[in-house]
Amino acid sequence: MRRGILLLALAVCRPSPLGAQEPEYFEQPPPKPKFSLRWEALFRYDSFYHLRVRPDIQRGRFEVRPELTFTPSDRFKVAVRAVGDLGTDNNSQNARNFDNYRSDGAMLDRFYLEARPGAWTILAGRFGMPLAASEVLWDRDIQTPGAAVSHQFATGSSTLTVTGGGFYGPQREGDRSRIFAGQVVWRGGDVDRFGVEAAAAYWDFDLEDLKSHLVRQNSPEPYAGGQRPESGFRLADLLVRVRFPALSLPVTVSIDGIHNF
């Protein structure tokens, strides 16, 4: 009898195997709402020469961008970003300097709501373009007003994301041209070792309300309000990116094919 009690006590007191997890009887509390502040700054100098239509351009730019984010839960976020610009050229020179933006001033550059119910992502406000695109087609630093919806499908070790959205023109001069776009993106591999991204997208640019001086080197046609592009921009974009480390540095190789219908 004593031996049986001793064996039972040893069995009860013996520690659990290393790495074994005890069952959880209580749900983890949701993360607390929090505010976060981050900022970035840009110092830039441009020099353009051998221009056919005007003298050379030399200009310096300084820009600072503070952003405040409120995250009430892991499925919802609100963000606001301000931009302050100071340049060596005046705002009156922006159009003739082929500049889409004001060189001096301050404004709200980004303000948006982001919701993530399950595998969905919903964006509304003014934010960075949610579609995968190279610098050939879209400057990733441009924030544009509009709305977008994405849904992600898990396909084994990879993911498939479908995104659609509508946007207004991003220029800071009251441009009201419109953009409609849709995309399918497949992502696989490991971004820390060898990752692959393949995307197919269709972009439709409605440029009826584009300001005349933004037509620039595109072929123009005159109309009552000034001039506009001679043809529309309806683009098919095929993009492949490969990411891998080399000598402890991240490397991205990108191939982008664009066809204007």
# chains A, B, ... in the order shown; residues from 1 in each chain; ligands from 1
$ residues_around --residues "Tyr112 of chain A" --least-positions-apart "5" --cutoff "9 Å" --atoms "only C-alpha atoms" --output "mmCIF file with N, CA and C atoms, in the first residue's frame"
data_model
loop_
_atom_site.group_PDB
_atom_site.id
_atom_site.type_symbol
_atom_site.label_atom_id
_atom_site.label_comp_id
_atom_site.auth_asym_id
_atom_site.auth_seq_id
_atom_site.Cartn_x
_atom_site.Cartn_y
_atom_site.Cartn_z
ATOM 1 N N LYS A 77 -7.806 50.635 -37.352
ATOM 2 C CA LYS A 77 -6.756 51.642 -37.208
ATOM 3 C C LYS A 77 -7.207 52.944 -37.857
ATOM 4 N N VAL A 78 -6.822 54.062 -37.220
ATOM 5 C CA VAL A 78 -7.057 55.398 -37.758
ATOM 6 C C VAL A 78 -5.721 56.124 -37.766
ATOM 7 N N ALA A 79 -5.383 56.774 -38.880
ATOM 8 C CA ALA A 79 -4.084 57.441 -38.983
ATOM 9 C C ALA A 79 -4.236 58.796 -39.662
ATOM 10 N N VAL A 80 -3.420 59.749 -39.206
ATOM 11 C CA VAL A 80 -3.360 61.091 -39.802
ATOM 12 C C VAL A 80 -1.896 61.468 -39.935
ATOM 13 N N LEU A 123 -9.962 49.942 -46.759
ATOM 14 C CA LEU A 123 -9.315 51.243 -46.591
ATOM 15 C C LEU A 123 -10.220 52.337 -47.135
ATOM 16 N N ALA A 124 -10.290 53.449 -46.420
ATOM 17 C CA ALA A 124 -11.057 54.600 -46.891
ATOM 18 C C ALA A 124 -10.388 55.865 -46.377
ATOM 19 N N GLY A 125 -10.303 56.869 -47.259
ATOM 20 C CA GLY A 125 -9.667 58.126 -46.883
ATOM 21 C C GLY A 125 -8.621 58.517 -47.901
ATOM 22 N N ARG A 126 -7.458 58.925 -47.422
ATOM 23 C CA ARG A 126 -6.323 59.253 -48.287
ATOM 24 C C ARG A 126 -5.126 58.459 -47.779
ATOM 25 N N PHE A 127 -4.572 57.603 -48.628
ATOM 26 C CA PHE A 127 -3.559 56.646 -48.186
ATOM 27 C C PHE A 127 -2.665 56.270 -49.353
ATOM 28 N N PRO A 145 -6.598 60.008 -52.449
ATOM 29 C CA PRO A 145 -7.896 59.807 -51.796
ATOM 30 C C PRO A 145 -8.739 58.771 -52.529
#
$ residues_around --residues "segment 233-248 of chain A" --least-positions-apart "2" --cutoff "6 Å" --atoms "only C-alpha atoms" --output "PyMOL selection string"
chain A and resi 193-205+250-261
$ closest_atom_pairs --of "segment 64-101 of chain A" --to "segment 153-171 of chain A" --cutoff "10 Å" --atoms "only C-alpha atoms" --output "Markdown table"
| residue | atom | partner | partner_atom | distance |
| --- | --- | --- | --- | --- |
| A:Asp99 | CA | A:Gln171 | CA | 9.6 |
| A:Asn100 | CA | A:Gln171 | CA | 5.8 |
| A:Tyr101 | CA | A:Gln171 | CA | 6.3 |
$ select_by_dssp --residues "segment 97-165 of chain A" --states "strand (DSSP E)" --output "PyMOL selection string"
chain A and resi 105-115+120-128+143-155+158-165
$ closest_residue --among "A:Gly84, A:Gly232, A:Pro117, A:Gly105" --to "Val149 of chain A" --atoms "only C-alpha atoms"
A:Pro117
$ closest_residue --among "A:Gly87, A:Ala82, A:Thr71, A:Leu108" --to "Gln58 of chain A" --atoms "only C-alpha atoms"
A:Gly87
$ residues_around --residues "Leu37 of chain A" --least-positions-apart "6" --cutoff "7 Å" --atoms "only C-alpha atoms" --output "short mmCIF file (atom, residue, chain, number, x, y, z; two decimals) with N, CA and C atoms, in the first residue's frame"
data_model
loop_
_atom_site.label_atom_id
_atom_site.label_comp_id
_atom_site.auth_asym_id
_atom_site.auth_seq_id
_atom_site.Cartn_x
_atom_site.Cartn_y
_atom_site.Cartn_z
N GLU A 67 3.36 61.46 -38.27
CA GLU A 67 2.11 60.70 -38.39
C GLU A 67 1.66 60.20 -37.02
N LEU A 68 0.37 60.41 -36.72
CA LEU A 68 -0.25 59.95 -35.49
C LEU A 68 -1.23 58.84 -35.82
N THR A 69 -1.09 57.69 -35.14
CA THR A 69 -1.94 56.53 -35.39
C THR A 69 -2.66 56.13 -34.11
#
$ atom_distance --atom1 "atom CA of Arg176 of chain A" --atom2 "atom CA of Leu210 of chain A"
6.7 Å
